[in-house]
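Engineer: Sharing input-v6.txt here; it has compact mmCIF, C-alpha atoms.
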```txt
# COMPACT_ATOMS: atom_id res chain seq x y z
CA MET W 863 0.00 0.00 0.00
CA ASN W 864 1.47 3.36 -0.98
CA THR W 865 1.50 6.46 1.18
CA SER W 866 -1.59 8.03 -0.35
CA ALA W 867 -3.57 4.92 0.26
CA GLU W 868 -2.27 4.73 3.80
CA ALA W 869 -3.46 8.28 4.44
CA THR W 870 -6.91 7.46 3.13
CA ALA W 871 -7.10 4.24 5.09
CA SER W 872 -6.18 6.02 8.28
CA GLY W 873 -9.33 8.10 8.07
CA LEU W 874 -7.41 11.34 8.68
CA GLN W 875 -8.48 14.34 6.64
CA SER W 876 -6.16 15.16 3.76
CA PRO W 877 -4.89 18.75 3.72
CA ARG W 878 -6.13 21.21 1.12
CA ARG W 879 -3.88 21.43 -1.91
CA THR W 880 -3.74 25.17 -2.60
CA VAL W 881 0.01 25.74 -3.15
CA GLY W 882 0.96 25.99 -6.82
CA PHE W 883 4.30 25.62 -8.57
CA PHE W 884 5.20 29.31 -8.38
CA THR W 885 4.47 29.53 -4.67
CA ALA W 886 6.43 26.33 -4.00
CA CYS W 887 9.42 27.80 -5.88
CA GLY W 888 9.03 31.00 -3.88
CA ILE W 889 9.11 29.05 -0.64
CA VAL W 890 12.35 27.32 -1.66
CA ILE W 891 14.02 30.57 -2.79
CA ALA W 892 12.81 32.58 0.20
CA ASN W 893 13.80 29.87 2.66
CA ILE W 894 17.34 29.66 1.26
CA ILE W 895 18.25 33.32 0.85
CA GLY W 896 18.70 34.84 4.28
CA THR W 897 21.61 36.58 5.97
CA GLY W 898 24.26 33.93 5.17
CA VAL W 899 25.18 35.20 1.72
CA PHE W 900 25.59 38.76 3.08
CA THR W 901 27.79 37.78 6.04
CA SER W 902 29.89 34.70 5.17
CA LEU W 903 32.50 36.08 2.79
CA GLY W 904 34.33 38.18 5.40
CA PHE W 905 35.09 35.11 7.52
CA GLN W 906 36.07 33.03 4.48
CA LEU W 907 38.62 35.69 3.48
CA VAL W 908 40.51 35.19 6.76
CA ASP W 909 41.95 31.85 5.61
CA ILE W 910 41.23 31.83 1.85
CA GLN W 911 42.51 34.63 -0.38
CA SER W 912 42.05 33.06 -3.82
CA GLY W 913 39.12 34.52 -5.74
CA PHE W 914 38.65 31.26 -7.65
CA ALA W 915 38.61 29.18 -4.46
CA LEU W 916 36.10 31.53 -2.84
CA ILE W 917 33.73 31.31 -5.81
CA THR W 918 34.28 27.53 -5.91
CA LEU W 919 32.97 27.38 -2.34
CA TRP W 920 29.60 28.68 -3.50
CA ILE W 921 29.58 26.49 -6.60
CA ILE W 922 30.30 23.32 -4.60
CA GLY W 923 27.70 24.33 -2.03
CA GLY W 924 25.22 24.86 -4.85
CA ILE W 925 26.07 21.49 -6.42
CA ALA W 926 25.53 19.76 -3.07
CA ALA W 927 22.23 21.55 -2.58
CA LEU W 928 21.17 20.71 -6.13
CA CYS W 929 22.02 17.02 -5.66
CA GLY W 930 20.11 17.04 -2.40
CA ALA W 931 17.13 18.75 -4.05
CA LEU W 932 17.01 16.11 -6.80
CA CYS W 933 17.00 13.36 -4.18
CA TYR W 934 14.36 15.05 -2.06
CA GLY W 935 12.30 15.44 -5.23
CA GLU W 936 12.18 11.67 -5.77
CA LEU W 937 11.35 11.03 -2.12
CA SER W 938 8.64 13.71 -2.13
CA ALA W 939 6.99 12.16 -5.19
CA ALA W 940 7.29 8.58 -3.87
CA LEU W 941 6.30 9.38 -0.27
CA PRO W 942 3.95 12.39 -0.65
CA ARG W 943 3.20 13.78 2.78
CA SER W 944 4.22 16.95 4.61
CA GLY W 945 6.95 16.60 7.22
CA GLY W 946 10.27 16.54 5.35
CA GLU W 947 12.99 14.45 7.00
CA TYR W 948 10.60 13.43 9.77
CA HIS W 949 8.34 11.64 7.28
CA PHE W 950 11.11 10.34 5.00
CA LEU W 951 13.33 8.85 7.71
CA SER W 952 10.30 7.28 9.42
CA LYS W 953 9.27 5.48 6.23
CA ILE W 954 12.74 4.58 4.95
CA TYR W 955 14.50 3.47 8.14
CA HIS W 956 12.56 3.54 11.40
CA PRO W 957 10.08 5.93 13.08
CA ALA W 958 12.68 6.64 15.79
CA LEU W 959 15.02 8.24 13.24
CA GLY W 960 12.14 10.24 11.80
CA PHE W 961 11.18 11.42 15.26
CA MET W 962 14.79 12.44 15.88
CA ALA W 963 14.77 14.64 12.76
CA GLY W 964 11.39 16.07 13.65
CA PHE W 965 12.54 16.81 17.19
CA ILE W 966 15.48 18.80 15.87
CA SER W 967 13.29 20.74 13.42
CA ALA W 968 10.50 21.33 15.94
CA THR W 969 12.75 22.61 18.72
CA VAL W 970 15.53 24.70 17.19
CA GLY W 971 15.84 23.71 13.52
CA PHE W 972 13.42 26.43 12.40
CA ALA W 973 12.99 28.54 15.52
CA ALA W 974 16.69 29.44 15.87
CA PRO W 975 17.10 30.74 12.28
CA ILE W 976 13.84 32.69 12.64
CA ALA W 977 15.13 34.31 15.83
CA LEU W 978 18.51 35.04 14.27
CA ALA W 979 16.89 36.58 11.19
CA ALA W 980 14.51 38.64 13.35
CA MET W 981 17.37 39.95 15.48
CA ALA W 982 19.31 40.89 12.33
CA PHE W 983 16.20 42.65 10.97
CA GLY W 984 15.94 44.71 14.15
CA LYS W 985 19.58 45.81 13.94
CA TYR W 986 19.46 46.61 10.21
CA PHE W 987 16.15 48.48 10.53
CA ARG W 988 17.56 50.54 13.38
CA GLY W 989 20.70 51.26 11.35
CA ILE W 990 18.73 52.37 8.29
CA PHE W 991 16.03 54.50 9.90
CA ASN W 992 17.61 55.26 13.30
CA PHE W 993 14.27 54.41 14.86
CA GLY W 994 12.99 51.89 17.39
CA SER W 995 14.55 49.27 19.64
CA PRO W 996 16.14 46.36 17.72
CA ILE W 997 14.79 43.74 20.14
CA LEU W 998 11.28 45.26 20.08
CA LEU W 999 11.36 45.39 16.28
CA SER W 1000 12.34 41.71 16.27
CA PHE W 1001 9.34 40.76 18.39
CA VAL W 1002 6.97 42.86 16.30
CA LEU W 1003 8.16 41.27 13.07
CA VAL W 1004 7.83 37.62 14.14
CA TRP W 1005 4.34 38.28 15.56
CA ILE W 1006 3.13 40.09 12.43
CA VAL W 1007 4.44 37.31 10.17
CA ALA W 1008 2.85 34.65 12.39
CA LEU W 1009 -0.51 36.45 12.23
CA PHE W 1010 -0.41 36.32 8.43
CA HIS W 1011 0.13 32.57 8.58
CA PHE W 1012 -2.72 32.06 11.04
CA GLY W 1013 -5.06 33.05 8.22
CA ASN W 1014 -5.99 31.05 5.15
CA LEU W 1015 -3.38 29.49 2.89
CA ARG W 1016 -4.16 31.77 -0.04
CA ARG W 1017 -3.30 34.86 2.00
CA GLY W 1018 -0.10 33.18 3.18
CA SER W 1019 0.78 32.30 -0.43
CA ALA W 1020 0.24 35.88 -1.61
CA PHE W 1021 2.37 37.24 1.26
CA GLN W 1022 5.15 34.76 0.46
CA ASN W 1023 5.12 35.46 -3.28
CA LEU W 1024 5.18 39.25 -2.85
CA TRP W 1025 8.24 39.36 -0.61
CA THR W 1026 10.10 36.73 -2.65
CA LEU W 1027 9.66 38.74 -5.85
CA VAL W 1028 10.77 41.96 -4.14
CA LYS W 1029 13.85 40.26 -2.71
CA LEU W 1030 14.88 38.70 -6.03
CA PHE W 1031 14.42 42.01 -7.84
CA LEU W 1032 16.60 43.91 -5.37
CA ILE W 1033 19.33 41.25 -5.37
CA ALA W 1034 19.35 41.37 -9.17
CA ALA W 1035 19.72 45.16 -9.01
CA LEU W 1036 22.69 44.81 -6.66
CA ILE W 1037 24.37 42.30 -8.99
CA VAL W 1038 23.82 44.40 -12.12
CA ALA W 1039 25.08 47.58 -10.45
CA GLY W 1040 28.15 45.75 -9.14
CA LEU W 1041 29.01 44.33 -12.57
CA LEU W 1042 28.75 47.77 -14.19
CA ILE W 1043 30.77 49.72 -11.63
CA GLU W 1044 34.31 50.85 -12.49
CA PRO W 1045 37.11 50.46 -11.58
CA LYS W 1046 37.24 46.84 -10.53
CA GLN W 1047 39.43 45.42 -7.75
CA PRO W 1048 42.74 43.75 -8.74
CA ILE W 1049 41.51 40.19 -8.10
CA THR W 1050 41.12 37.34 -10.56
CA LEU W 1051 38.34 34.79 -10.39
CA LEU W 1052 40.23 32.44 -12.70
CA PRO W 1053 42.14 29.41 -11.33
CA ASN W 1054 45.87 29.42 -10.62
CA SER W 1055 48.42 26.77 -9.61
CA SER W 1056 47.89 27.19 -5.84
CA ASP W 1057 44.10 26.77 -5.93
CA PRO W 1058 43.98 22.95 -5.61
CA MET W 1059 45.83 23.22 -2.29
CA SER W 1060 43.31 25.81 -1.07
CA ILE W 1061 40.28 23.80 -2.19
CA PHE W 1062 41.38 20.61 -0.44
CA SER W 1063 42.41 22.34 2.79
CA ALA W 1064 40.76 22.15 6.19
CA ALA W 1065 39.93 25.86 5.99
CA PHE W 1066 37.97 25.25 2.78
CA ALA W 1067 35.99 22.38 4.33
CA VAL W 1068 35.09 24.42 7.42
CA ALA W 1069 34.14 27.42 5.27
CA LEU W 1070 31.92 25.11 3.21
CA VAL W 1071 29.89 24.34 6.35
CA TYR W 1072 28.87 28.00 6.57
CA VAL W 1073 28.18 28.09 2.84
CA MET W 1074 25.87 25.09 3.24
CA TYR W 1075 24.12 26.92 6.05
CA SER W 1076 23.54 29.75 3.58
CA TYR W 1077 22.03 27.17 1.20
CA SER W 1078 19.91 25.52 3.88
CA GLY W 1079 16.30 25.56 2.77
CA TRP W 1080 16.81 23.87 -0.60
CA ASN W 1081 14.50 21.12 0.70
CA ALA W 1082 11.81 23.60 1.78
CA SER W 1083 8.83 22.58 -0.37
CA SER W 1084 9.24 18.91 0.64
CA TYR W 1085 7.97 19.92 4.09
CA ILE W 1086 4.56 20.95 2.72
CA VAL W 1087 3.98 18.20 0.15
CA GLY W 1088 0.47 17.68 1.49
CA GLU W 1089 -0.54 21.25 0.53
CA VAL W 1090 1.07 21.38 -2.94
CA LYS W 1091 -1.00 20.88 -6.07
CA LYS W 1092 0.20 17.94 -8.22
CA PRO W 1093 3.07 17.24 -5.77
CA GLU W 1094 4.61 14.51 -7.95
CA ARG W 1095 5.46 17.23 -10.50
CA ASN W 1096 5.49 20.55 -8.64
CA VAL W 1097 7.58 19.56 -5.60
CA PRO W 1098 10.59 18.16 -7.56
CA GLY W 1099 10.32 21.01 -10.07
CA SER W 1100 10.21 23.69 -7.38
CA LEU W 1101 13.17 22.17 -5.53
CA LEU W 1102 15.23 22.05 -8.72
CA LEU W 1103 14.35 25.49 -10.12
CA GLY W 1104 14.46 27.24 -6.74
CA THR W 1105 17.93 25.85 -5.96
CA LEU W 1106 19.28 26.75 -9.43
CA VAL W 1107 18.04 30.35 -9.10
CA VAL W 1108 19.66 30.74 -5.68
CA MET W 1109 22.91 29.11 -6.80
CA ALA W 1110 23.22 31.60 -9.68
CA ALA W 1111 22.38 34.52 -7.36
CA TYR W 1112 24.92 33.42 -4.72
CA VAL W 1113 27.79 32.95 -7.16
CA LEU W 1114 27.14 36.27 -8.90
CA LEU W 1115 26.62 38.17 -5.64
CA ASN W 1116 29.89 36.97 -4.12
CA ALA W 1117 31.72 37.67 -7.38
CA VAL W 1118 30.35 41.23 -7.23
CA PHE W 1119 31.53 41.62 -3.63
CA LEU W 1120 35.04 40.50 -4.60
CA ILE W 1121 35.41 42.67 -7.70
CA THR W 1122 33.98 45.86 -6.15
CA THR W 1123 35.33 45.87 -2.59
CA PRO W 1124 38.91 45.64 -1.25
CA GLU W 1125 39.55 42.31 0.50
CA ALA W 1126 41.17 44.04 3.47
CA GLU W 1127 37.93 45.90 4.26
CA MET W 1128 35.82 42.70 4.22
CA ARG W 1129 38.24 40.31 5.92
CA GLY W 1130 36.86 39.19 9.29
CA GLN W 1131 33.83 41.49 9.04
CA LEU W 1132 30.20 40.47 9.47
CA GLU W 1133 28.60 43.34 7.52
CA VAL W 1134 30.03 42.39 4.12
CA GLY W 1135 26.85 43.47 2.33
CA LEU W 1136 26.91 46.91 3.91
CA ILE W 1137 30.63 47.39 3.19
CA ALA W 1138 30.22 46.32 -0.44
CA GLY W 1139 27.13 48.53 -0.78
CA LYS W 1140 29.17 51.63 -0.02
CA HIS W 1141 31.59 50.81 -2.84
CA ILE W 1142 28.78 50.01 -5.29
CA PHE W 1143 26.30 52.81 -4.53
CA GLY W 1144 28.35 55.34 -2.55
CA GLU W 1145 27.96 56.37 1.07
CA ASN W 1146 24.22 55.73 1.03
CA GLY W 1147 24.84 52.25 -0.34
CA GLY W 1148 24.88 50.77 3.14
CA ARG W 1149 21.28 51.85 3.65
CA ILE W 1150 20.22 50.47 0.28
CA VAL W 1151 21.82 47.09 0.90
CA GLY W 1152 20.48 47.14 4.46
CA GLY W 1153 17.01 47.61 3.00
CA ILE W 1154 17.56 44.64 0.66
CA ILE W 1155 18.64 42.48 3.59
CA CYS W 1156 15.63 43.60 5.67
CA LEU W 1157 13.21 42.65 2.90
CA GLY W 1158 14.99 39.34 2.43
CA LEU W 1159 14.75 38.62 6.13
CA ILE W 1160 10.99 39.21 6.10
CA SER W 1161 10.62 36.68 3.30
CA ALA W 1162 12.87 34.13 5.01
CA ILE W 1163 11.05 34.47 8.34
CA SER W 1164 7.73 34.06 6.54
CA SER W 1165 8.92 30.90 4.80
CA MET W 1166 10.24 29.29 7.99
CA THR W 1167 7.12 30.31 9.91
CA TRP W 1168 5.09 28.49 7.26
CA ILE W 1169 7.19 25.34 7.04
CA GLY W 1170 8.31 24.65 10.63
CA PRO W 1171 4.85 24.04 12.12
CA ARG W 1172 4.05 21.53 9.33
CA VAL W 1173 6.83 19.29 10.63
CA THR W 1174 5.55 19.61 14.19
CA MET W 1175 1.99 18.96 12.97
CA SER W 1176 3.04 15.70 11.31
CA MET W 1177 4.61 14.55 14.58
CA GLY W 1178 1.45 15.49 16.45
CA GLU W 1179 -0.66 13.41 14.07
CA ASP W 1180 1.49 10.36 14.68
CA HIS W 1181 2.37 10.43 18.40
CA TRP W 1182 -0.14 10.53 21.22
CA LEU W 1183 2.13 12.54 23.52
CA LEU W 1184 2.23 15.38 20.97
CA ARG W 1185 -1.30 15.04 19.58
CA PHE W 1186 -2.29 18.62 20.47
CA LEU W 1187 0.30 19.81 17.91
CA GLY W 1188 -1.49 18.00 15.10
CA ARG W 1189 -4.75 19.95 15.45
CA LYS W 1190 -5.74 22.47 12.77
CA ASN W 1191 -8.03 25.47 12.87
CA ALA W 1192 -11.01 26.05 10.58
CA GLU W 1193 -8.69 27.24 7.80
CA GLY W 1194 -6.57 24.08 7.92
CA ILE W 1195 -3.66 25.84 9.67
CA PRO W 1196 -1.76 23.90 12.39
CA ALA W 1197 -2.43 26.70 14.86
CA ASN W 1198 -1.04 24.97 17.97
CA ALA W 1199 2.20 24.13 16.17
CA VAL W 1200 2.53 27.74 14.99
CA ILE W 1201 2.04 28.98 18.57
CA VAL W 1202 4.61 26.55 20.00
CA GLN W 1203 7.22 27.60 17.42
CA LEU W 1204 6.42 31.26 18.07
CA ILE W 1205 6.96 30.75 21.82
CA ILE W 1206 10.36 29.13 21.22
CA VAL W 1207 11.34 32.00 18.91
CA ASN W 1208 10.36 34.54 21.57
CA VAL W 1209 12.39 32.72 24.24
CA LEU W 1210 15.44 32.71 21.96
CA LEU W 1211 15.00 36.42 21.28
CA LEU W 1212 14.85 37.12 25.00
CA THR W 1213 17.95 35.09 25.85
CA ARG W 1214 19.96 36.33 22.84
CA SER W 1215 21.90 33.05 22.97
CA PHE W 1216 20.43 31.55 19.82
CA GLU W 1217 23.56 32.12 17.71
CA LEU W 1218 25.34 29.35 19.61
CA VAL W 1219 22.35 27.09 18.97
CA VAL W 1220 22.64 27.72 15.23
CA VAL W 1221 26.31 26.76 15.28
CA TYR W 1222 25.91 23.53 17.22
CA ILE W 1223 22.82 22.43 15.33
CA GLN W 1224 24.68 22.26 12.02
CA PHE W 1225 26.14 18.81 12.71
CA ALA W 1226 22.70 17.39 13.53
CA LEU W 1227 21.12 19.00 10.47
CA LEU W 1228 23.84 17.61 8.21
CA LEU W 1229 23.32 14.17 9.73
CA CYS W 1230 19.57 14.27 9.00
CA SER W 1231 20.11 15.46 5.42
CA LEU W 1232 22.74 12.77 4.84
CA LEU W 1233 20.47 9.98 6.07
CA THR W 1234 17.61 11.29 3.94
CA VAL W 1235 19.58 11.57 0.70
CA VAL W 1236 21.16 8.15 1.15
CA GLY W 1237 17.60 6.98 1.75
CA VAL W 1238 16.95 7.32 -2.00
CA ILE W 1239 19.34 4.39 -2.55
CA VAL W 1240 17.97 2.48 0.43
CA LEU W 1241 14.36 2.89 -0.73
CA ARG W 1242 15.17 1.69 -4.24
CA VAL W 1243 16.62 -1.49 -2.73
CA THR W 1244 14.00 -2.14 -0.05
CA ARG W 1245 10.89 -0.99 -1.97
CA PRO W 1246 11.71 -1.27 -5.68
CA ASN W 1247 8.03 -1.48 -6.71
CA ILE W 1248 6.81 1.71 -5.02
CA SER W 1249 5.33 4.29 -7.39
CA ARG W 1250 7.98 6.88 -8.34
CA PRO W 1251 6.41 9.63 -10.51
CA TYR W 1252 9.80 11.34 -10.52
CA HIS W 1253 13.25 9.69 -10.67
CA VAL W 1254 16.56 11.31 -9.71
CA TRP W 1255 18.41 12.39 -12.82
CA PHE W 1256 21.77 10.65 -13.43
CA TYR W 1257 21.13 8.24 -10.54
CA PRO W 1258 23.08 7.23 -8.46
CA MET W 1259 25.50 10.16 -8.86
CA PRO W 1260 23.47 12.88 -7.03
CA PRO W 1261 23.10 10.95 -3.72
CA ILE W 1262 26.74 9.83 -3.90
CA ILE W 1263 28.03 13.37 -4.57
CA PHE W 1264 25.90 14.80 -1.78
CA ALA W 1265 27.01 12.09 0.66
CA LEU W 1266 30.72 12.61 -0.10
CA ILE W 1267 30.54 16.40 0.34
CA THR W 1268 28.48 16.10 3.54
CA ILE W 1269 30.71 13.44 5.13
CA TRP W 1270 33.76 15.55 4.24
CA MET W 1271 32.23 18.53 6.09
CA MET W 1272 31.13 16.45 9.09
CA ILE W 1273 34.64 15.04 9.55
CA TYR W 1274 36.15 18.52 9.67
CA LEU W 1275 33.36 19.74 11.95
CA LEU W 1276 34.22 16.99 14.42
CA LEU W 1277 37.91 17.87 14.20
CA PHE W 1278 37.68 21.67 14.37
CA LYS W 1279 34.26 22.32 15.99
CA THR W 1280 34.27 19.37 18.36
CA THR W 1281 32.26 20.85 21.22
CA GLU W 1282 29.48 22.17 19.01
CA SER W 1283 29.36 18.97 16.94
CA VAL W 1284 29.11 16.72 19.98
CA ALA W 1285 26.39 18.98 21.42
CA GLY W 1286 24.46 18.68 18.16
CA LEU W 1287 24.85 14.92 18.24
CA VAL W 1288 23.59 14.83 21.84
CA THR W 1289 20.52 16.83 20.77
CA ALA W 1290 19.85 14.35 17.99
CA MET W 1291 20.19 11.43 20.41
CA ALA W 1292 17.79 13.12 22.84
CA GLY W 1293 15.16 13.20 20.11
CA PHE W 1294 15.90 9.58 19.20
CA LEU W 1295 15.44 8.42 22.79
CA LEU W 1296 12.33 10.57 23.34
CA TYR W 1297 10.60 8.58 20.60
CA PHE W 1298 10.47 5.53 22.83
CA CYS W 1299 8.57 7.57 25.43
CA THR W 1300 5.85 8.37 22.88
CA ARG W 1301 5.30 4.94 21.33
CA ARG W 1302 2.83 3.60 23.90
CA ARG W 1303 0.07 4.74 21.59
CA VAL W 1304 0.45 5.80 17.99
CA SER W 1305 -2.01 6.69 15.30
CA PRO W 1306 -2.89 4.36 12.39
CA ARG W 1307 -0.39 6.20 10.19
CA GLN W 1308 2.39 4.58 12.17
```
Can I see the file as structure tokens?
Structural biologist:
Amino acid sequence: MNTSAEATASGLQSPRRTVGFFTACGIVIANIIGTGVFTSLGFQLVDIQSGFALITLWIIGGIAALCGALCYGELSAALPRSGGEYHFLSKIYHPALGFMAGFISATVGFAAPIALAAMAFGKYFRGIFNFGSPILLSFVLVWIVALFHFGNLRRGSAFQNLWTLVKLFLIAALIVAGLLIEPKQPITLLPNSSDPMSIFSAAFAVALVYVMYSYSGWNASSYIVGEVKKPERNVPGSLLLGTLVVMAAYVLLNAVFLITTPEAEMRGQLEVGLIAGKHIFGENGGRIVGGIICLGLISAISSMTWIGPRVTMSMGEDHWLLRFLGRKNAEGIPANAVIVQLIIVNVLLLTRSFELVVVYIQFALLLCSLLTVVGVIVLRVTRPNISRPYHVWFYPMPPIIFALITIWMMIYLLLFKTTESVAGLVTAMAGFLLYFCTRRRVSPRQ
């Protein structure tokens, strides 16, 4: 019995399919593009000075994300239900692994990036307009976005599409202006003889972890499969197109930063976008770029506010201990799950310690993505006859490429970010063990 049949047999109401291809693409793009691309380059320049190696970072990150998106596309078409890694790992391996992934997503996987993005919005908004308290602005933003997503799905779709289009337009304007500006910096983006040593160095592998964090979100529409029209076609297509658009934007944007702004000014600095904006647009460029980042942060927060509760909702539908999280309001919105995520976001904003959470969670997130992508191979072996409306292109190369890049990063994380990596692993194990406290009663879906 396939997943659709299982859902029908369970007697649970299927969600309304109101999300089209364009909105699904917008969710992917908006969920990927956040603050990472505007802040990472300064730290990468500390240990890597080659322009070619720096651009290669973003290309390799994009290739990994693209391979992952292709794999998630097949899994989304073969196992069509909202929940992302929680659903996939439960069906491919064991419900305990799925619960582990869901636990990570439900607690800090989405809430921490939302809090980080909201805090950044408050600081940028204050810097641009010299008005308001950054922390108060952060609270106001997350509550306003949450209120939009308490309404019907069509209103949420319109909100998401509007801010995604605005963000893409402004990023495109920044790229075009940067390519036209003269004179250019004395840096070459072409390879030289020392580049292989830079690319295969520990510094490159660690920098790639932060690049992958900037790409995180390439799997976004797989979390809301149950609300996407024609998911067997639109989910894989949105994952592929959304990731390709972001990959092109990231490569071009970092190339523009390198050719317009002196390396010495960016090295070790967080506000790379603001620094580059001054060189591209003049003294007021910082405000312009700050405005772009603010708009992008609104879109990213909206996307994560939409997706995160769907993971929690799926867990609530399956596990008796969390059943209150699976309830929906009259509009089909998982209202309780939205409220729980909003509470966690508010706590993180109050403590201002969420940045450490984002760092340590990377190892656990990479582990979940690795298990999911490898699951494409596992599922083809264990369930060869399952309906697969979409197949991974050039199989088995995408899951193999993704696995090699991810394992390479995880090894260097363990070596150079040991404390954070072990803490992330402990968090994952806590979710794994918690599953066995919830299995006394499970719904028919399990």
Engineer: Taking only C-alpha atoms into account, produce a table as a Markdown table in which each residue of stretch 1223-1297 of chain W with an atom at most 12 Å from an atom of stretch 910-933 of chain W appears once, together with its shortest atom pair and the distance in Å to one decimal, ordered by chain and rising number.
Structural biologist:
```
| residue | atom | partner | partner_atom | distance |
| --- | --- | --- | --- | --- |
| W:Leu1228 | CA | W:Gly930 | CA | 11.3 |
| W:Cys1230 | CA | W:Gly930 | CA | 11.7 |
| W:Ser1231 | CA | W:Gly930 | CA | 8.0 |
| W:Leu1232 | CA | W:Gly930 | CA | 8.8 |
| W:Leu1233 | CA | W:Gly930 | CA | 11.0 |
| W:Thr1234 | CA | W:Cys933 | CA | 8.4 |
| W:Val1235 | CA | W:Cys933 | CA | 5.8 |
| W:Val1236 | CA | W:Cys933 | CA | 8.5 |
| W:Gly1237 | CA | W:Cys933 | CA | 8.7 |
| W:Val1238 | CA | W:Cys933 | CA | 6.4 |
| W:Ile1239 | CA | W:Cys933 | CA | 9.4 |
| W:Val1240 | CA | W:Cys933 | CA | 11.9 |
| W:Leu1241 | CA | W:Cys933 | CA | 11.3 |
| W:Arg1242 | CA | W:Cys933 | CA | 11.8 |
| W:Arg1250 | CA | W:Cys933 | CA | 11.9 |
| W:Tyr1252 | CA | W:Leu932 | CA | 9.4 |
| W:His1253 | CA | W:Cys933 | CA | 8.3 |
| W:Val1254 | CA | W:Leu932 | CA | 5.6 |
| W:Trp1255 | CA | W:Leu932 | CA | 7.2 |
| W:Phe1256 | CA | W:Leu932 | CA | 9.8 |
| W:Tyr1257 | CA | W:Cys933 | CA | 9.1 |
| W:Pro1258 | CA | W:Cys933 | CA | 9.6 |
| W:Met1259 | CA | W:Cys929 | CA | 8.3 |
| W:Pro1260 | CA | W:Cys929 | CA | 4.6 |
| W:Pro1261 | CA | W:Cys929 | CA | 6.5 |
| W:Ile1262 | CA | W:Cys929 | CA | 8.8 |
| W:Ile1263 | CA | W:Ala926 | CA | 7.0 |
| W:Phe1264 | CA | W:Ala926 | CA | 5.1 |
| W:Ala1265 | CA | W:Ala926 | CA | 8.7 |
| W:Leu1266 | CA | W:Ala926 | CA | 9.3 |
| W:Ile1267 | CA | W:Ala926 | CA | 6.9 |
| W:Thr1268 | CA | W:Ala926 | CA | 8.1 |
| W:Ile1269 | CA | W:Ala926 | CA | 11.6 |
| W:Trp1270 | CA | W:Ala926 | CA | 11.8 |
| W:Met1271 | CA | W:Gly923 | CA | 11.0 |
```
Engineer: Quote the spacing between atom CA of W:Tyr948 and atom CA of W:Ala968 in Å to one decimal place.
Structural biologist: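 Interatomic distance here is 10.0 Å.
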Engineer: Just the number, please: distance in Å from atom CA of W:Leu1159 to atom CA of W:Asn992, one decimal.
Structural biologist: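 About the pair atom CA of W:Leu1159 and atom CA of W:Asn992: they are 18.3 Å apart.
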Engineer: Quick one: which stretch 955-985 of chain W residues come within 9 Å of stretch 1283-1292 of chain W, and what is the nearest atom pair for each with the distance in Å to one decimal, counting all atoms listed in the file, rows ordered by chain and ascending number, as JSON lines?
Structural biologist:
```
{"residue": "W:Met962", "atom": "CA", "partner": "W:Ala1290", "partner_atom": "CA", "distance": 5.8}
{"residue": "W:Ala963", "atom": "CA", "partner": "W:Ala1290", "partner_atom": "CA", "distance": 7.3}
{"residue": "W:Phe965", "atom": "CA", "partner": "W:Ala1290", "partner_atom": "CA", "distance": 7.8}
{"residue": "W:Ile966", "atom": "CA", "partner": "W:Ala1290", "partner_atom": "CA", "distance": 6.6}
```
Engineer: Counting only C-alpha atoms, which of W:His949, W:Leu1136, W:Leu1187, W:Val1073 gets nearest to W:Met1109?
Structural biologist: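 Among the listed residues, W:Val1073 lies closest to W:Met1109.
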Engineer: What is the distance, in Å and to one decimal place, between atom CA of W:Gly904 and atom CA of W:Arg1129?
Structural biologist: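 Value for the atom CA of W:Gly904-atom CA of W:Arg1129 distance: 4.5 Å.
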Engineer: Which residues, written as a list in words, have at least one atom at most 10 Å from W:Leu1211, with all atoms listed in the file counted and residues fewer than 2 positions away on the same chain left out?
Structural biologist: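 That gives Ala973, Ala974, Ile976, Ala977, Leu978, Ala980, Met981, Ile997, Leu998, Ser1000, Phe1001, Ile1205, Ile1206, Val1207, Asn1208, Val1209, Thr1213, Arg1214, Ser1215 and Phe1216 of chain W.
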Engineer: For a quick check of understanding, using all atoms listed in the file, which of W:Ala1138, W:Val1107, W:Ile1150, W:Ala1126 has the smallest distance to W:Phe900?
Structural biologist: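 Using all atoms listed in the file, the shortest distance to W:Phe900 belongs to W:Ala1138.
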Engineer: With 3 Å added on each side, what axis-aligned box encloses every listed atom of stretch 1106-1123 of chain W? Give the centre and edge lengths in Å to one decimal, as lines of an AutoDock Vina configuration file.
Structural biologist:
```
center_x = 26.7
center_y = 36.3
center_z = -6.1
size_x = 23.4
size_y = 25.1
size_z = 13.1
```
Engineer: Hey, which of W:Pro957, W:Pro942, W:Pro975, W:Pro1171 ends up closest to W:Asn1198? Count all atoms listed in the file.
Structural biologist: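 Ranked by minimum distance to W:Asn1198, first place goes to W:Pro1171.
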Engineer: At most 6 Å is the cut-off: for each residue in stretch 1100-1190 of chain W with any atom that close to an atom of stretch 1030-1053 of chain W, write down the nearest atom pair and the distance in Å rounded to one decimal, counting all atoms listed in the file, chain first then increasing number, as JSON lines.
Structural biologist:
```
{"residue": "W:Leu1115", "atom": "CA", "partner": "W:Ile1037", "partner_atom": "CA", "distance": 5.8}
{"residue": "W:Val1118", "atom": "CA", "partner": "W:Gly1040", "partner_atom": "CA", "distance": 5.4}
{"residue": "W:Ile1121", "atom": "CA", "partner": "W:Gln1047", "partner_atom": "CA", "distance": 4.9}
{"residue": "W:Thr1122", "atom": "CA", "partner": "W:Lys1046", "partner_atom": "CA", "distance": 5.5}
{"residue": "W:Ile1142", "atom": "CA", "partner": "W:Gly1040", "partner_atom": "CA", "distance": 5.8}
```
Engineer: Let me make sure I understand: among W:Ser995, W:Ile1163, W:Ile891, W:Val899, which one has the smallest atom-to-atom distance to W:Phe972 if we use only C-alpha atoms?
Structural biologist: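 Distance minimum relative to W:Phe972 lands on W:Ile1163.
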